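Here's coords-v2.txt, which has compact mmCIF, C-alpha atoms:
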# COMPACT_ATOMS: atom_id res chain seq x y z
CA MET A 12 126.14 138.01 -43.94
CA HIS A 13 128.08 139.26 -46.98
CA LEU A 14 126.59 142.69 -46.20
CA LEU A 15 127.81 142.60 -42.58
CA PRO A 16 131.59 142.04 -42.38
CA SER A 17 131.73 143.56 -38.87
CA PHE A 18 129.36 140.83 -37.63
CA GLN A 19 131.61 137.88 -38.51
CA ASN A 20 133.03 137.57 -34.98
CA PHE A 21 129.51 137.48 -33.54
CA VAL A 22 128.06 134.59 -35.53
CA ALA A 23 126.55 132.02 -33.15
CA ASP A 24 125.15 128.54 -33.60
CA PRO A 25 121.34 128.52 -33.40
CA CYS A 26 119.93 127.17 -30.16
CA GLN A 27 116.32 126.00 -30.29
CA ASP A 28 115.85 126.32 -26.54
CA GLU A 29 117.11 129.90 -26.39
CA GLU A 30 114.71 132.83 -26.70
CA LEU A 31 115.79 135.24 -29.42
CA LEU A 32 116.10 138.93 -28.63
CA PHE A 33 114.48 139.73 -31.99
CA THR A 34 114.06 138.50 -35.55
CA LEU A 35 114.64 140.66 -38.63
CA VAL A 36 113.41 139.42 -42.02
CA VAL A 37 114.96 141.05 -45.08
CA ASP A 38 112.32 141.35 -47.82
CA ASP A 39 113.06 143.81 -50.60
CA GLN A 40 109.39 143.67 -51.66
CA LEU A 41 108.31 145.26 -48.37
CA LYS A 42 106.28 148.44 -48.88
CA PRO A 43 105.81 151.44 -46.55
CA ALA A 44 102.83 151.20 -44.21
CA PRO A 45 99.85 153.09 -45.67
CA HIS A 46 98.85 154.67 -42.36
CA ARG A 47 101.59 156.23 -40.28
CA LYS A 48 102.26 159.31 -38.19
CA LEU A 49 105.55 161.20 -38.40
CA VAL A 50 107.35 161.20 -35.03
CA ARG A 51 110.57 162.95 -35.95
CA LYS A 52 113.46 163.20 -38.37
CA PHE A 53 116.96 163.21 -36.92
CA ASP A 54 120.50 163.50 -38.24
CA THR A 55 122.73 160.61 -37.14
CA GLY A 56 125.89 162.23 -38.48
CA ASN A 57 125.97 159.66 -41.28
CA GLY A 58 122.58 160.56 -42.75
CA ASP A 59 118.98 161.16 -41.76
CA THR A 60 116.63 158.67 -40.12
CA ILE A 61 112.89 159.33 -40.28
CA VAL A 62 110.65 157.74 -37.64
CA TYR A 63 106.92 157.04 -38.01
CA GLN A 64 104.47 155.58 -35.48
CA LEU A 65 102.08 152.92 -36.79
CA PRO A 66 98.46 152.46 -35.65
CA ASP A 67 99.29 149.18 -33.86
CA GLY A 68 102.01 150.84 -31.76
CA GLY A 69 104.86 149.68 -33.97
CA TYR A 70 107.33 151.83 -35.86
CA GLN A 71 108.50 152.50 -39.38
CA TYR A 72 111.96 153.91 -40.14
CA ILE A 73 113.46 155.31 -43.33
CA ILE A 74 117.26 155.13 -43.10
CA ARG A 75 119.18 157.43 -45.44
CA ASP A 76 122.92 157.72 -46.04
CA ILE A 77 124.93 160.93 -46.00
CA MET A 78 124.07 161.53 -49.67
CA GLY A 79 120.34 161.45 -48.89
CA ASN A 80 119.74 158.06 -50.53
CA ASP A 81 117.04 155.80 -49.07
CA CYS A 82 119.01 152.70 -48.00
CA CYS A 83 116.51 150.86 -45.80
CA LEU A 84 112.82 150.68 -44.94
CA LEU A 85 112.42 149.14 -41.48
CA ILE A 86 109.10 148.13 -39.90
CA ALA A 87 109.02 146.87 -36.29
CA ASP A 88 106.39 145.87 -33.78
CA SER A 89 106.05 147.83 -30.55
CA ARG A 90 108.61 145.70 -28.66
CA PHE A 91 111.02 145.42 -31.62
CA SER A 92 110.85 141.63 -31.34
CA HIS A 93 109.52 140.99 -34.87
CA CYS A 94 110.89 143.23 -37.61
CA GLN A 95 111.10 143.42 -41.40
CA CYS A 96 113.21 145.54 -43.70
CA ALA A 97 113.71 146.26 -47.38
CA LEU A 98 117.17 147.25 -48.64
CA HIS A 99 117.88 149.53 -51.60
CA GLY A 100 120.79 150.39 -53.87
CA GLU A 101 124.22 148.87 -54.40
CA TRP A 102 126.32 146.96 -51.86
CA THR A 103 127.48 149.98 -49.85
CA MET A 104 123.94 151.34 -49.46
CA ARG A 105 122.48 147.94 -48.60
CA SER A 106 125.22 147.24 -46.06
CA PHE A 107 124.76 150.67 -44.49
CA GLY A 108 120.99 150.24 -44.31
CA LEU A 109 121.04 146.75 -42.81
CA ASN A 110 123.79 147.60 -40.32
CA ASN A 111 121.88 150.63 -39.05
CA ALA A 112 118.57 148.75 -38.95
CA LEU A 113 120.13 146.06 -36.78
CA MET A 114 121.64 148.65 -34.45
CA LEU A 115 118.26 150.38 -34.00
CA VAL A 116 116.40 147.15 -33.39
CA TYR A 117 119.04 145.84 -30.99
CA ALA A 118 119.02 149.02 -28.92
CA PHE A 119 115.26 149.15 -28.48
CA ALA A 120 114.61 145.41 -28.15
CA GLY A 121 117.41 145.29 -25.57
CA SER A 122 115.63 147.83 -23.38
CA TYR A 123 113.16 145.08 -22.41
CA HIS A 124 116.06 142.94 -21.14
CA GLN A 125 118.14 145.42 -19.10
CA THR A 126 120.49 145.80 -22.06
CA LEU A 127 121.72 149.20 -23.24
CA LEU A 128 123.62 150.27 -26.34
CA ILE A 129 125.77 153.22 -25.32
CA HIS A 130 127.86 155.77 -27.22
CA ALA A 131 131.30 155.30 -25.68
CA SER A 132 134.89 154.25 -26.21
CA ALA A 133 135.69 151.35 -23.90
CA THR A 134 138.89 149.77 -22.61
CA MET A 135 139.41 146.67 -20.50
CA ILE A 136 142.18 145.36 -18.26
CA PRO A 137 142.86 141.99 -16.64
CA HIS A 138 141.18 141.55 -13.28
CA PRO A 139 143.63 141.89 -10.37
CA ALA A 140 142.44 138.50 -9.12
CA ASP A 141 143.70 135.76 -11.43
CA GLY A 142 140.93 133.84 -13.14
CA ASP A 143 138.28 136.53 -12.76
CA GLU A 144 136.78 138.33 -15.73
CA PRO A 145 138.45 141.48 -17.07
CA LEU A 146 137.31 144.90 -15.87
CA GLY A 147 135.72 147.30 -18.37
CA PHE A 148 135.90 151.10 -18.46
CA PRO A 149 133.71 153.01 -20.92
CA PHE A 150 134.40 156.71 -21.54
CA ILE A 151 131.43 158.81 -22.63
CA ALA A 152 131.37 162.37 -23.98
CA ASN A 153 129.78 164.66 -26.51
CA SER A 154 130.88 163.92 -30.07
CA GLY A 155 134.30 165.36 -30.80
CA THR A 156 135.27 165.81 -27.15
CA GLY A 157 137.92 163.12 -27.13
CA LYS A 158 136.66 159.69 -26.02
CA SER A 159 138.86 157.85 -28.51
CA THR A 160 141.78 160.16 -27.77
CA HIS A 161 141.63 159.29 -24.08
CA THR A 162 141.35 155.53 -24.62
CA SER A 163 144.29 155.74 -27.06
CA LEU A 164 146.30 157.37 -24.25
CA TRP A 165 145.45 154.41 -21.98
CA LEU A 166 146.62 152.03 -24.71
CA ARG A 167 149.83 153.97 -25.22
CA HIS A 168 150.91 154.62 -21.64
CA ILE A 169 149.38 151.87 -19.46
CA GLU A 170 150.32 148.19 -19.57
CA ASP A 171 147.87 145.37 -20.29
CA VAL A 172 145.10 147.68 -21.57
CA GLU A 173 143.00 146.50 -24.51
CA LEU A 174 140.41 148.33 -26.58
CA LEU A 175 137.02 146.63 -26.27
CA ASN A 176 135.00 148.90 -28.57
CA ASP A 177 135.47 152.45 -29.86
CA ASP A 178 131.92 153.68 -30.40
CA ASN A 179 128.98 151.49 -29.31
CA PRO A 180 129.67 148.96 -26.58
CA ILE A 181 126.78 147.22 -24.83
CA LEU A 182 125.87 147.21 -21.13
CA ARG A 183 123.82 144.35 -19.74
CA ILE A 184 122.69 143.57 -16.21
CA ILE A 185 122.72 139.85 -15.38
CA ASP A 186 121.68 138.70 -11.89
CA GLY A 187 122.53 142.09 -10.44
CA THR A 188 125.98 142.36 -12.06
CA THR A 189 126.59 144.77 -14.95
CA TYR A 190 128.79 143.64 -17.83
CA ILE A 191 130.13 145.55 -20.82
CA TYR A 192 130.41 143.86 -24.20
CA GLY A 193 132.02 144.55 -27.53
CA SER A 194 129.67 144.96 -30.48
CA PRO A 195 129.62 144.96 -34.30
CA TRP A 196 129.32 148.77 -34.20
CA SER A 197 132.59 150.56 -33.51
CA GLY A 198 132.50 153.79 -35.51
CA LYS A 199 135.60 154.58 -37.55
CA THR A 200 137.79 152.14 -35.60
CA PRO A 201 137.45 148.52 -36.78
CA CYS A 202 137.32 147.01 -33.29
CA TYR A 203 134.67 144.25 -33.45
CA ARG A 204 135.46 142.08 -30.43
CA ASN A 205 133.14 139.40 -29.13
CA ARG A 206 134.33 139.87 -25.55
CA ARG A 207 132.83 140.91 -22.25
CA ALA A 208 134.15 142.43 -19.03
CA ARG A 209 132.67 143.35 -15.69
CA LEU A 210 131.74 147.02 -15.72
CA ALA A 211 134.00 148.75 -13.19
CA ALA A 212 133.27 152.46 -13.72
CA VAL A 213 131.76 154.91 -16.18
CA THR A 214 133.59 158.17 -16.91
CA ARG A 215 132.44 161.27 -18.76
CA ILE A 216 135.19 163.23 -20.52
CA GLU A 217 135.13 167.02 -20.40
CA ARG A 218 137.90 169.18 -21.81
CA ALA A 219 139.57 171.49 -19.26
CA PRO A 220 142.79 173.52 -18.86
CA ALA A 221 143.95 171.19 -16.07
CA ASN A 222 143.44 167.53 -15.15
CA SER A 223 141.09 166.58 -12.32
CA ILE A 224 138.53 163.87 -11.64
CA GLU A 225 135.45 163.69 -9.40
CA ARG A 226 133.02 160.94 -8.47
CA LEU A 227 129.40 161.93 -9.05
CA LYS A 228 126.51 161.56 -6.65
CA PRO A 229 123.48 159.53 -7.85
CA VAL A 230 121.44 162.29 -9.53
CA PRO A 231 124.36 163.81 -11.52
CA ALA A 232 125.53 160.26 -12.30
CA PHE A 233 122.12 159.43 -13.79
CA ALA A 234 122.10 162.68 -15.77
CA SER A 235 125.60 161.96 -17.05
CA LEU A 236 124.91 158.41 -18.28
CA LEU A 237 121.43 158.98 -19.75
CA PRO A 238 122.48 161.00 -22.86
CA ALA A 239 125.02 158.30 -23.80
CA CYS A 240 122.31 155.64 -24.19
CA SER A 241 120.38 154.96 -27.38
CA SER A 242 116.72 155.67 -26.61
CA MET A 243 113.37 156.90 -27.88
CA LYS A 244 112.13 159.42 -25.34
CA TRP A 245 108.73 159.56 -27.03
CA ASP A 246 108.14 155.84 -26.34
CA THR A 247 107.08 155.75 -22.68
CA ILE A 248 107.76 152.05 -22.10
CA ILE A 249 111.18 151.92 -23.77
CA TYR A 250 112.27 155.13 -22.07
CA ARG A 251 111.10 153.85 -18.67
CA ASN A 252 113.02 150.60 -19.23
CA LEU A 253 116.11 152.63 -20.06
CA CYS A 254 115.81 154.77 -16.94
CA ASP A 255 115.24 151.71 -14.74
CA ALA A 256 118.40 150.05 -16.10
CA ILE A 257 120.49 153.19 -15.60
CA THR A 258 119.21 153.47 -12.02
CA ARG A 259 120.24 149.88 -11.30
CA ILE A 260 123.69 150.47 -12.80
CA ILE A 261 124.50 153.60 -10.80
CA GLU A 262 123.43 151.86 -7.58
CA THR A 263 126.50 149.63 -7.82
CA ILE A 264 128.88 151.24 -10.36
CA PRO A 265 130.77 154.51 -9.73
CA VAL A 266 130.34 157.29 -12.28
CA TYR A 267 133.02 159.96 -12.68
CA THR A 268 133.64 163.17 -14.58
CA LEU A 269 137.20 163.59 -15.85
CA HIS A 270 138.16 167.20 -16.58
CA CYS A 271 141.24 166.81 -18.69
CA LEU A 272 143.78 167.69 -21.30
CA PRO A 273 144.60 165.14 -24.03
CA ASP A 274 147.85 164.05 -22.36
CA GLU A 275 149.54 161.18 -20.54
CA GLU A 276 148.91 162.72 -17.12
CA ALA A 277 145.15 162.60 -17.71
CA ALA A 278 145.32 158.93 -18.66
CA ARG A 279 147.33 158.04 -15.57
CA LEU A 280 145.05 160.08 -13.32
CA SER A 281 141.92 158.36 -14.58
CA TYR A 282 143.57 154.93 -14.48
CA GLN A 283 144.78 155.34 -10.90
CA THR A 284 141.39 156.62 -9.76
CA LEU A 285 139.18 154.14 -11.57
CA VAL A 286 141.29 151.04 -10.98
CA HIS A 287 142.89 151.59 -7.60
CA HIS A 288 140.39 153.84 -5.81
CA GLY A 289 137.12 153.10 -7.62
Could you render the structure as structure tokens?
Amino acid sequence: MHLLPSFQNFVADPCQDEELLFTLVVDDQLKPAPHRKLVRKFDTGNGDTIVYQLPDGGYQYIIRDIMGNDCCLLIADSRFSHCQCALHGEWTMRSFGLNNALMLVYAFAGSYHQTLLIHASATMIPHPADGDEPLGFPFIANSGTGKSTHTSLWLRHIEDVELLNDDNPILRIIDGTTYIYGSPWSGKTPCYRNRRARLAAVTRIERAPANSIERLKPVPAFASLLPACSSMKWDTIIYRNLCDAITRIIETIPVYTLHCLPDEEAARLSYQTLVHHG
């Protein structure tokens, strides 16, 4: 845990009767699999991750930092339920490698349990009915478009708004209801909150010369939410699980596109629409 300061708020007592989402064993003696097939190499923005397919259907990842250093070797079974990793380098490299390995494993193991890790900045407000759970509002967008800027405008101009997570909140469907959770992964903003809210709406941010908002029909809503979810399109089962979960979410949750400027008016427009008319 000394490598994972952002996880401190998420430590839980072990429960023998509870099924674990996954296990990850850290073993620095772990060696790369001798037989593997390169799937792809992708740039995460903080370094490269190289993905290999193993003969048994599992995966091997090499996680590198922005300097090109190998920080972590991760080997997972096909369902990401049993995983191992080896960490390399000094504290910063080891922390980076383990943190990213856990995020990968969580995202793909979660797909088997209607749980999605999404790239979003999320706010929450108290539920209008006293005693009910808060309502959560994730904002999704291409990198650099202004997700965090828009949530900061909510925080600045609207009462009783809290930041839930600024980069990677979690969506989970439980008994037909979708909830949004804070996570240990929050980008550059240290917002690691072990909280949940009922998902009330999903909104994609698009920059525009004037402020307007529209509710999307099912097919555009699906197409809007899909790119925000962590996935492996080359893995048929995981990708199908992801698509099934998104379909269930958009059946009950409104999805909007907000065309906006980075100003107070945009924040109030989205708030009024999502909270009072959504």
Taking (138.2, 161.2, -24.4) in the file's own coordinates, collect the residues within 10 Å, counting all atoms listed in the file, and hand them back as a tab-separated table (two decimals) with C-alpha atoms, in the coordinates of the input.
chain	number	residue	atom	x	y	z
A	131	ALA	CA	131.30	155.30	-25.68
A	132	SER	CA	134.89	154.25	-26.21
A	149	PRO	CA	133.71	153.01	-20.92
A	150	PHE	CA	134.40	156.71	-21.54
A	151	ILE	CA	131.43	158.81	-22.63
A	152	ALA	CA	131.37	162.37	-23.98
A	153	ASN	CA	129.78	164.66	-26.51
A	154	SER	CA	130.88	163.92	-30.07
A	155	GLY	CA	134.30	165.36	-30.80
A	156	THR	CA	135.27	165.81	-27.15
A	157	GLY	CA	137.92	163.12	-27.13
A	158	LYS	CA	136.66	159.69	-26.02
A	159	SER	CA	138.86	157.85	-28.51
A	160	THR	CA	141.78	160.16	-27.77
A	161	HIS	CA	141.63	159.29	-24.08
A	162	THR	CA	141.35	155.53	-24.62
A	163	SER	CA	144.29	155.74	-27.06
A	164	LEU	CA	146.30	157.37	-24.25
A	214	THR	CA	133.59	158.17	-16.91
A	215	ARG	CA	132.44	161.27	-18.76
A	216	ILE	CA	135.19	163.23	-20.52
A	217	GLU	CA	135.13	167.02	-20.40
A	218	ARG	CA	137.90	169.18	-21.81
A	269	LEU	CA	137.20	163.59	-15.85
A	270	HIS	CA	138.16	167.20	-16.58
A	271	CYS	CA	141.24	166.81	-18.69
A	272	LEU	CA	143.78	167.69	-21.30
A	273	PRO	CA	144.60	165.14	-24.03
A	277	ALA	CA	145.15	162.60	-17.71
A	278	ALA	CA	145.32	158.93	-18.66
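The spacing separating atom CA of A:Cys240 from atom CA of A:Leu127 amounts to 6.5 Å.
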| message | Excluding A:Ile184 and its own-chain neighbours fewer than 2 positions away, which residues fall within 8 Å of it when counting all atoms listed in the file? Please give them as a PyMOL selection string. | response | chain A and resi 125-126+182+186-190+256+260
| Residues around (143.0, 152.4, -13.6), cut-off 10 Å, counting all atoms listed in the file - what are they as a ChimeraX atom specification? | /A:135-136,146,148,165,169,172,211-212,278-289
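Going from atom CA of A:Glu173 to atom CA of A:Leu113 covers 26.0 Å.
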| request: Using all atoms listed in the file, pick whichever of A:Asn176, A:Leu84, A:Met114, A:Thr200 has the shortest atom-to-atom distance to A:Gln40. | output: A:Leu84
| query | Could you pull the residues within 9 Å of A:Ser197, counting only C-alpha atoms, minus those fewer than 2 positions along the same chain, as a list in words? | reply | Ser17, Ser132, Asn176, Asp177, Asp178, Asn179, Pro180, Gly193, Ser194, Pro195, Lys199, Thr200, Pro201, Cys202 and Tyr203 of chain A
Same residues, C-alpha atoms, output as a short mmCIF file (atom, residue, chain, number, x, y, z; two decimals), in the coordinates of the input:
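What follows is the written file selection.cif:
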data_model
loop_
_atom_site.label_atom_id
_atom_site.label_comp_id
_atom_site.auth_asym_id
_atom_site.auth_seq_id
_atom_site.Cartn_x
_atom_site.Cartn_y
_atom_site.Cartn_z
CA SER A 17 131.73 143.56 -38.87
CA SER A 132 134.89 154.25 -26.21
CA ASN A 176 135.00 148.90 -28.57
CA ASP A 177 135.47 152.45 -29.86
CA ASP A 178 131.92 153.68 -30.40
CA ASN A 179 128.98 151.49 -29.31
CA PRO A 180 129.67 148.96 -26.58
CA GLY A 193 132.02 144.55 -27.53
CA SER A 194 129.67 144.96 -30.48
CA PRO A 195 129.62 144.96 -34.30
CA LYS A 199 135.60 154.58 -37.55
CA THR A 200 137.79 152.14 -35.60
CA PRO A 201 137.45 148.52 -36.78
CA CYS A 202 137.32 147.01 -33.29
CA TYR A 203 134.67 144.25 -33.45
#
| task | Might you pull out every residue within 12 Å of stretch 96-108 of chain A, with all atoms listed in the file counted and same-chain residues fewer than 6 positions away left off, and present them as a count of residues only? | result | 44
| said: Env of A:Asp246: 12 Å cut, atoms = all atoms listed in the file, seq-sep filter 2 positions within chain, self excluded. Answer as a ChimeraX atom specification. | reply: /A:50,62-64,68-70,89-90,119,122,242-244,248-253
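Atom CA of A:Ala239 lies 15.2 Å from atom CA of A:Gly121.
Nearest to A:Gly198 of all the residues A:Gly56, A:Pro265, A:Pro220, A:Gly147 is A:Gly56, based on only C-alpha atoms.
The residue that comes closest to A:Pro231, out of A:Ala208, A:Leu174, A:Val266, A:Ala219 and on the basis of all atoms listed in the file, is A:Val266.
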| task | Would you please work out which residue, of A:Thr268, A:Leu166, A:Phe233, A:Ala133, is nearest to A:Arg206 when using only C-alpha atoms? | result | A:Ala133
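Take the candidates A:Leu31, A:Leu109, A:Cys26, A:Leu237 and check each one against A:His130 using only C-alpha atoms; the shortest distance goes to A:Leu237.
Counting all atoms listed in the file, the residue from A:Leu65, A:Ala112, A:Leu227, A:Cys94 that sits nearest to A:Leu32 is A:Cys94.
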